[in-house]
Amino acid sequence: MSQAVAGHPILDPVLAPTFPKAALPILRNAQLRKNVTHATDVIQAKRAKLVAEKTDWQELRSAAAEIRAHALENLGEYLEQFEARCTAAGGTVHWASDAAEARQIIVDLLREEKASEVIKIKTMTSAEIQLNPAIEAAGIHAYETDLAEIILQLGEDEPSHIVVPALHVNRSQVREIFARRMGIKDLSDDPQVLTGAARNYLRQKFLKVPTAISGANFLVAETGAVAVVESEGNGRMCLTLPRTMITLAGIDKVIPRFKDLEVMLQVLARSATGERMNPYTSLWTGVTPGDGPQRFHVVLLDNGRTSILAKPKERQTLRCIRCAACLNTCPVYRQTGGHAYGSVYAGPIGAILTPQLMHLEHAQTLPFASSLCAACYEVCPVKINIPEVLLELRAQVVDQERKQADRFLDLMYWGLRIANQIFVSAWRFRTAQWAGRIGLRFFTGKDGWIHWMPSLGARWTVSRDLRGLPSQTFRQWWAARAKEAK
Amino acid sequence: MTAASTSRTQILDRIRSATKILPQSACAYADLPRSYVRKGAQSHLAQVELMIERLREYDADVIECKAQDLPATIAAQLASSGRHTFVAPEGLPAEWMAAGYDWKIDHGMENAEVELTEGVVTAAFAGVADSGTIVLHHSSSEGRRVISLLPDWHLCILRASQVVETLPEYFDLCKQAPDLATYISGPSATADIEMTRIKGVHGPRFLNVIVVRDDS
């Protein structure tokens, strides 16, 4: 289990260590890195194959991006429309300005139901507002029902991926957790057997617990319907069997019309799990007499989203449909996994979403946790230009730092001042290159790599190796080539 | 004003001022780009073949039959299932309920009663060939959501004439948005442990489809 090696991961941006600090122990955890690489390789390969077979993939992306952008630009009207339709169909709509208010609304609803237990469909929004501890504090036990979430809940671990939250845990670790927490002796580590154990563990809960909590993939303004996309059927269980259903949804989840699902569902499954369609998609509208929960509540959550909406470059962040394709493709995420991001939202989307939801005082290092290679932008089904937002947020972090009185105490400040002076002159640049090449020879190992540097250089080598400098610079090579041509 | 209505007003105000600050750049709804594939290009015969192929890729058990052979085909499927107790939606055609089995007609059964049955037979609203998706709108012959969820064995009757090629074609079929819908693409599955696909987590572990060739 990751926590045994890396300490219990903290996914609260207010409390979590900075990205570089959190990443360090993970980079030394070979098992975790192997698990993450394997899982992201598998999803990426499946996604690539299914995207390639879709001749209209780019057209679908454009449509999905524009539908989301349109919905955000008219968010007020669409939310009111959703509220009206959902209410007319027998649902109750609640509005929560922040995490604390959402928790309070949900805990109050659970108390009204006299609930002692509640079953939950995987929802990242509930992790965002740290709902489970609040429910437990009210004396109500929350049962996660998604297989990955059970692994995390029983293993007292935290999600590291938006779609496959336990991808950092391997089968023998799952076996250990299930054997210990479900009290099963002689459990094998065959995924089929482990899945069967989870099925048995939850079956009676599904049938007996009368209250459920879900997230939402989409809210349909036109009809007041809610859509939940899943694979296992735990979602359908929670949506169908209980008496009362509480859905927690970010205000950004709304789409204009039912018909828009023809685009969103096509891009979501392919991007998220590399499937043509996920096994189960459920749509329901308020309350249907005789079918499913007869009491239905939707909690619409702001929690920083309206402030993102007000900013020109950042607004596109809210188009996100949480497919996690950007995580799987990200060269940084693939090395560190999700826990280093100190938030339930990891990877490139987490690097832009977390600082914005947290108003940037926290998570200042996240916008820098990227090589700006733009692989995330390329795979994003709703065309969020993540590098553009990252750069914008970096600029904001730097602007904040400029105002800090102690900035002169940071060596990096002086390092960059000096670099500034060097880069303005070709002569100084050549001299610095010459001096640097001689200086770096002392640190270059026999394998041609630099594994350790002192002082400022350590900020690089602490988590990465650096290729030693070649004997010839590009400018020297270019000059020599021009001479040869003559 | 209550706290709840204050939050509502606050959030909507914040949204209004946020959307007012920035220039309108997104398209009007009617102008949204929709140049993706709407209509399938294949013949209907090929679409049905594709539907069957996709369902089989999901490990669903698919057989085809002529319209007049449907009751016999259902009976054969029930027999080979080795199961005895089946739940039927209220509106399931009587001739689909083969004799010799314990049929529970769902007039609002309790969940616990549904749990005791071994299988379910339902009709479908549509099939989407491109993704092998079976669409249920939970009409009287498709049944309430719970009856196609708890039994471990689901036999779904899909008429070939209900099959469309693309997802947008299904949305075109909907004259009006359904209140309830379930889109099923293969049996319940998970890949949460090392990305190994495991069939049958919580939903029915066995999905059987009879494709009725009412088109030829």
# chains A, B, ... in the order shown; residues from 1 in each chain; ligands from 1

call {"tool": "select_by_dssp", "arguments": {"residues": "segment 3-209 of chain B", "states": "helix (DSSP H, G or I)", "output": "VMD selection string"}}
result
chain B and resid 3 to 21 29 to 31 44 to 57 67 to 81 94 to 96 111 to 115 129 to 131 145 to 148 160 to 162 167 to 173

call {"tool": "select_by_dssp", "arguments": {"residues": "segment 2-145 of chain B", "states": "strand (DSSP E)", "output": "list in words"}}
result
Asp61, Val62, Ile63, Glu64, Cys65, Lys66, Thr85, Phe86, Val87, Ala88, Pro89, Asp102, Trp103, Lys104, Ile105, Asp106, Gly119, Val120, Val121, Thr122, Ala123, Ala126, Gly127, Val128, Thr133, Ile134, Val135 and Leu136 of chain B

call {"tool": "write_last_selection", "arguments": {"atoms": "N, CA, C and O atoms", "output": "compact mmCIF listing (two decimals), in the first residue's frame"}}
result
# COMPACT_ATOMS: atom_id res chain seq x y z
N ASP B 61 -24.16 -12.99 -25.07
CA ASP B 61 -24.55 -14.17 -25.84
C ASP B 61 -25.65 -13.74 -26.81
O ASP B 61 -26.72 -13.34 -26.39
N VAL B 62 -25.36 -13.78 -28.11
CA VAL B 62 -26.33 -13.26 -29.07
C VAL B 62 -26.80 -14.37 -30.00
O VAL B 62 -25.99 -15.13 -30.54
N ILE B 63 -28.12 -14.48 -30.16
CA ILE B 63 -28.61 -15.35 -31.23
C ILE B 63 -29.64 -14.62 -32.05
O ILE B 63 -30.29 -13.68 -31.58
N GLU B 64 -29.78 -15.04 -33.30
CA GLU B 64 -30.74 -14.40 -34.20
C GLU B 64 -31.88 -15.37 -34.44
O GLU B 64 -31.69 -16.58 -34.42
N CYS B 65 -33.05 -14.78 -34.69
CA CYS B 65 -34.15 -15.66 -35.10
C CYS B 65 -35.14 -14.88 -35.94
O CYS B 65 -35.12 -13.65 -35.96
N LYS B 66 -35.98 -15.61 -36.67
CA LYS B 66 -37.05 -14.97 -37.44
C LYS B 66 -38.18 -14.60 -36.48
O LYS B 66 -38.32 -15.21 -35.42
N THR B 85 -36.69 -19.45 -12.14
CA THR B 85 -37.54 -18.33 -11.72
C THR B 85 -37.18 -17.07 -12.49
O THR B 85 -36.04 -16.61 -12.42
N PHE B 86 -38.15 -16.56 -13.22
CA PHE B 86 -37.88 -15.37 -14.03
C PHE B 86 -38.86 -14.26 -13.71
O PHE B 86 -40.03 -14.51 -13.43
N VAL B 87 -38.36 -13.04 -13.76
CA VAL B 87 -39.25 -11.91 -13.59
C VAL B 87 -39.56 -11.35 -14.97
O VAL B 87 -38.72 -11.38 -15.87
N ALA B 88 -40.81 -10.91 -15.15
CA ALA B 88 -41.22 -10.35 -16.43
C ALA B 88 -41.83 -8.98 -16.20
O ALA B 88 -42.58 -8.77 -15.25
N PRO B 89 -41.49 -8.01 -17.06
CA PRO B 89 -42.15 -6.70 -16.96
C PRO B 89 -43.64 -6.87 -17.20
O PRO B 89 -44.06 -7.80 -17.90
N ASP B 102 -41.25 -20.57 -13.51
CA ASP B 102 -41.91 -19.77 -12.49
C ASP B 102 -41.79 -18.30 -12.88
O ASP B 102 -40.73 -17.70 -12.74
N TRP B 103 -42.86 -17.74 -13.44
CA TRP B 103 -42.83 -16.34 -13.89
C TRP B 103 -43.37 -15.41 -12.82
O TRP B 103 -44.47 -15.62 -12.30
N LYS B 104 -42.61 -14.42 -12.45
CA LYS B 104 -43.09 -13.39 -11.53
C LYS B 104 -43.35 -12.14 -12.37
O LYS B 104 -42.41 -11.57 -12.94
N ILE B 105 -44.62 -11.78 -12.47
CA ILE B 105 -44.93 -10.57 -13.24
C ILE B 105 -44.73 -9.36 -12.31
O ILE B 105 -45.24 -9.36 -11.18
N ASP B 106 -43.99 -8.38 -12.78
CA ASP B 106 -43.66 -7.24 -11.93
C ASP B 106 -44.79 -6.21 -11.89
O ASP B 106 -44.89 -5.34 -12.73
N GLY B 119 -33.55 -14.69 -13.23
CA GLY B 119 -33.33 -14.07 -14.54
C GLY B 119 -34.47 -13.14 -14.89
O GLY B 119 -35.46 -13.02 -14.16
N VAL B 120 -34.30 -12.43 -16.00
CA VAL B 120 -35.32 -11.49 -16.44
C VAL B 120 -35.36 -11.48 -17.97
O VAL B 120 -34.34 -11.69 -18.62
N VAL B 121 -36.56 -11.29 -18.49
CA VAL B 121 -36.72 -11.14 -19.94
C VAL B 121 -37.34 -9.78 -20.20
O VAL B 121 -38.36 -9.44 -19.59
N THR B 122 -36.71 -8.98 -21.04
CA THR B 122 -37.28 -7.66 -21.36
C THR B 122 -37.20 -7.39 -22.86
O THR B 122 -36.41 -8.00 -23.58
N ALA B 123 -38.01 -6.44 -23.29
CA ALA B 123 -37.86 -5.87 -24.63
C ALA B 123 -36.84 -4.75 -24.54
O ALA B 123 -36.25 -4.51 -23.48
N ALA B 126 -34.12 0.46 -28.31
CA ALA B 126 -33.29 0.60 -29.51
C ALA B 126 -31.97 -0.09 -29.30
O ALA B 126 -31.60 -0.44 -28.18
N GLY B 127 -31.25 -0.27 -30.40
CA GLY B 127 -29.88 -0.77 -30.33
C GLY B 127 -29.00 0.16 -31.15
O GLY B 127 -29.39 0.58 -32.24
N VAL B 128 -27.84 0.50 -30.62
CA VAL B 128 -26.91 1.36 -31.35
C VAL B 128 -25.71 0.50 -31.75
O VAL B 128 -24.92 0.08 -30.91
N THR B 133 -24.68 -0.81 -28.11
CA THR B 133 -25.44 -0.37 -26.94
C THR B 133 -26.92 -0.74 -27.04
O THR B 133 -27.54 -0.52 -28.08
N ILE B 134 -27.43 -1.32 -25.96
CA ILE B 134 -28.87 -1.58 -25.88
C ILE B 134 -29.50 -0.47 -25.05
O ILE B 134 -29.02 -0.15 -23.97
N VAL B 135 -30.56 0.12 -25.60
CA VAL B 135 -31.20 1.24 -24.92
C VAL B 135 -32.51 0.77 -24.31
O VAL B 135 -33.35 0.19 -25.01
N LEU B 136 -32.68 1.03 -23.03
CA LEU B 136 -33.95 0.78 -22.36
C LEU B 136 -34.57 2.12 -21.96
O LEU B 136 -33.86 2.96 -21.39

call {"tool": "closest_residue", "arguments": {"among": "B:Leu155, B:Met97, B:Val209, B:Val114", "to": "chain A", "atoms": "only C-alpha atoms"}}
result
B:Val114

call {"tool": "interface_residues", "arguments": {"of": "chain A", "to": "chain B", "cutoff": "6 Å", "atoms": "only C-alpha atoms", "output": "PyMOL selection string"}}
result
chain A and resi 39+56+59-60+63+69-70+73+76+95+97+148+170+192+199+231-234+262+276-277+279-285+291+306+309-310

call {"tool": "closest_residue", "arguments": {"among": "A:Ala395, A:Gln472, A:His451, A:Ala363", "to": "Thr18 of chain A", "atoms": "only C-alpha atoms"}}
result
A:Ala363

call {"tool": "atom_distance", "arguments": {"atom1": "atom CA of Leu241 of chain A", "atom2": "atom CA of Pro210 of chain A"}}
result
7.5 Å

call {"tool": "atom_distance", "arguments": {"atom1": "atom CA of Ile255 of chain A", "atom2": "atom CA of Gln356 of chain A"}}
result
22.1 Å

call {"tool": "residues_around", "arguments": {"residues": "Gly91 of chain B", "least_positions_apart": "4", "cutoff": "8 Å", "atoms": "only C-alpha atoms", "output": "list in words"}}
result
Ser140, Ser141, Glu142 and Gly143 of chain B

call {"tool": "atom_distance", "arguments": {"atom1": "atom CA of Leu390 of chain A", "atom2": "atom CA of Pro367 of chain A"}}
result
5.2 Å

call {"tool": "decode", "arguments": {"residues": "segment 102-182 of chain B", "atoms": "C-alpha atoms", "output": "PDB file, in the first residue's frame"}}
result
ATOM      1  CA  ASP B 102     -41.907 -19.769 -12.490  1.00  0.00           C
ATOM      2  CA  TRP B 103     -42.827 -16.340 -13.893  1.00  0.00           C
ATOM      3  CA  LYS B 104     -43.088 -13.386 -11.534  1.00  0.00           C
ATOM      4  CA  ILE B 105     -44.928 -10.566 -13.237  1.00  0.00           C
ATOM      5  CA  ASP B 106     -43.656  -7.242 -11.935  1.00  0.00           C
ATOM      6  CA  HIS B 107     -46.644  -5.297 -10.632  1.00  0.00           C
ATOM      7  CA  GLY B 108     -44.362  -3.303  -8.367  1.00  0.00           C
ATOM      8  CA  MET B 109     -42.474  -6.150  -6.691  1.00  0.00           C
ATOM      9  CA  GLU B 110     -40.344  -5.393  -3.640  1.00  0.00           C
ATOM     10  CA  ASN B 111     -36.599  -5.251  -4.307  1.00  0.00           C
ATOM     11  CA  ALA B 112     -36.106  -8.291  -2.088  1.00  0.00           C
ATOM     12  CA  GLU B 113     -38.572 -10.300  -4.209  1.00  0.00           C
ATOM     13  CA  VAL B 114     -36.766  -9.330  -7.410  1.00  0.00           C
ATOM     14  CA  GLU B 115     -33.496 -10.366  -5.798  1.00  0.00           C
ATOM     15  CA  LEU B 116     -34.868 -13.899  -5.366  1.00  0.00           C
ATOM     16  CA  THR B 117     -35.459 -14.373  -9.094  1.00  0.00           C
ATOM     17  CA  GLU B 118     -32.788 -15.914 -11.291  1.00  0.00           C
ATOM     18  CA  GLY B 119     -33.326 -14.072 -14.539  1.00  0.00           C
ATOM     19  CA  VAL B 120     -35.323 -11.485 -16.444  1.00  0.00           C
ATOM     20  CA  VAL B 121     -36.715 -11.141 -19.938  1.00  0.00           C
ATOM     21  CA  THR B 122     -37.281  -7.663 -21.362  1.00  0.00           C
ATOM     22  CA  ALA B 123     -37.863  -5.875 -24.632  1.00  0.00           C
ATOM     23  CA  ALA B 124     -35.653  -2.915 -25.645  1.00  0.00           C
ATOM     24  CA  PHE B 125     -36.200   0.553 -27.055  1.00  0.00           C
ATOM     25  CA  ALA B 126     -33.292   0.604 -29.507  1.00  0.00           C
ATOM     26  CA  GLY B 127     -29.876  -0.771 -30.332  1.00  0.00           C
ATOM     27  CA  VAL B 128     -26.910   1.361 -31.355  1.00  0.00           C
ATOM     28  CA  ALA B 129     -24.626  -0.726 -33.563  1.00  0.00           C
ATOM     29  CA  ASP B 130     -21.552   1.511 -33.462  1.00  0.00           C
ATOM     30  CA  SER B 131     -21.068   0.936 -29.742  1.00  0.00           C
ATOM     31  CA  GLY B 132     -23.145  -2.238 -29.290  1.00  0.00           C
ATOM     32  CA  THR B 133     -25.436  -0.369 -26.938  1.00  0.00           C
ATOM     33  CA  ILE B 134     -28.868  -1.584 -25.879  1.00  0.00           C
ATOM     34  CA  VAL B 135     -31.198   1.237 -24.920  1.00  0.00           C
ATOM     35  CA  LEU B 136     -33.952   0.779 -22.359  1.00  0.00           C
ATOM     36  CA  HIS B 137     -36.545   3.500 -21.791  1.00  0.00           C
ATOM     37  CA  HIS B 138     -38.262   1.370 -19.169  1.00  0.00           C
ATOM     38  CA  SER B 139     -41.638   1.204 -20.885  1.00  0.00           C
ATOM     39  CA  SER B 140     -44.065  -1.493 -19.757  1.00  0.00           C
ATOM     40  CA  SER B 141     -42.385  -4.182 -21.884  1.00  0.00           C
ATOM     41  CA  GLU B 142     -38.871  -3.056 -20.928  1.00  0.00           C
ATOM     42  CA  GLY B 143     -39.731  -3.013 -17.261  1.00  0.00           C
ATOM     43  CA  ARG B 144     -38.810  -0.992 -14.223  1.00  0.00           C
ATOM     44  CA  ARG B 145     -35.113  -0.370 -13.711  1.00  0.00           C
ATOM     45  CA  VAL B 146     -34.769  -2.771 -10.815  1.00  0.00           C
ATOM     46  CA  ILE B 147     -35.872  -5.868 -12.707  1.00  0.00           C
ATOM     47  CA  SER B 148     -33.111  -5.611 -15.299  1.00  0.00           C
ATOM     48  CA  LEU B 149     -30.599  -4.959 -12.545  1.00  0.00           C
ATOM     49  CA  LEU B 150     -30.877  -7.474  -9.720  1.00  0.00           C
ATOM     50  CA  PRO B 151     -31.366 -10.777 -11.579  1.00  0.00           C
ATOM     51  CA  ASP B 152     -28.038 -12.230 -12.629  1.00  0.00           C
ATOM     52  CA  TRP B 153     -29.229 -13.226 -16.098  1.00  0.00           C
ATOM     53  CA  HIS B 154     -30.809 -10.773 -18.538  1.00  0.00           C
ATOM     54  CA  LEU B 155     -32.404 -11.886 -21.776  1.00  0.00           C
ATOM     55  CA  CYS B 156     -33.108  -8.886 -23.943  1.00  0.00           C
ATOM     56  CA  ILE B 157     -35.244  -9.063 -27.069  1.00  0.00           C
ATOM     57  CA  LEU B 158     -34.056  -6.617 -29.706  1.00  0.00           C
ATOM     58  CA  ARG B 159     -35.853  -6.322 -33.012  1.00  0.00           C
ATOM     59  CA  ALA B 160     -33.522  -5.745 -35.977  1.00  0.00           C
ATOM     60  CA  SER B 161     -35.755  -2.850 -37.036  1.00  0.00           C
ATOM     61  CA  GLN B 162     -34.848  -1.108 -33.773  1.00  0.00           C
ATOM     62  CA  VAL B 163     -31.144  -1.092 -34.623  1.00  0.00           C
ATOM     63  CA  VAL B 164     -29.526   2.151 -35.732  1.00  0.00           C
ATOM     64  CA  GLU B 165     -25.883   2.611 -36.626  1.00  0.00           C
ATOM     65  CA  THR B 166     -24.841   5.750 -34.756  1.00  0.00           C
ATOM     66  CA  LEU B 167     -25.612   7.261 -31.375  1.00  0.00           C
ATOM     67  CA  PRO B 168     -27.025  10.473 -32.961  1.00  0.00           C
ATOM     68  CA  GLU B 169     -29.485   8.293 -34.908  1.00  0.00           C
ATOM     69  CA  TYR B 170     -30.817   7.002 -31.604  1.00  0.00           C
ATOM     70  CA  PHE B 171     -31.318  10.558 -30.389  1.00  0.00           C
ATOM     71  CA  ASP B 172     -33.207  11.250 -33.622  1.00  0.00           C
ATOM     72  CA  LEU B 173     -35.505   8.319 -32.787  1.00  0.00           C
ATOM     73  CA  CYS B 174     -36.514   9.988 -29.526  1.00  0.00           C
ATOM     74  CA  LYS B 175     -39.500  12.146 -30.333  1.00  0.00           C
ATOM     75  CA  GLN B 176     -39.325  13.289 -26.763  1.00  0.00           C
ATOM     76  CA  ALA B 177     -36.623  12.866 -24.142  1.00  0.00           C
ATOM     77  CA  PRO B 178     -37.274   9.834 -21.901  1.00  0.00           C
ATOM     78  CA  ASP B 179     -37.761  10.392 -18.152  1.00  0.00           C
ATOM     79  CA  LEU B 180     -35.765   7.274 -17.456  1.00  0.00           C
ATOM     80  CA  ALA B 181     -33.187   5.620 -19.648  1.00  0.00           C
ATOM     81  CA  THR B 182     -30.468   3.020 -19.244  1.00  0.00           C
TER      82      THR B 182
END
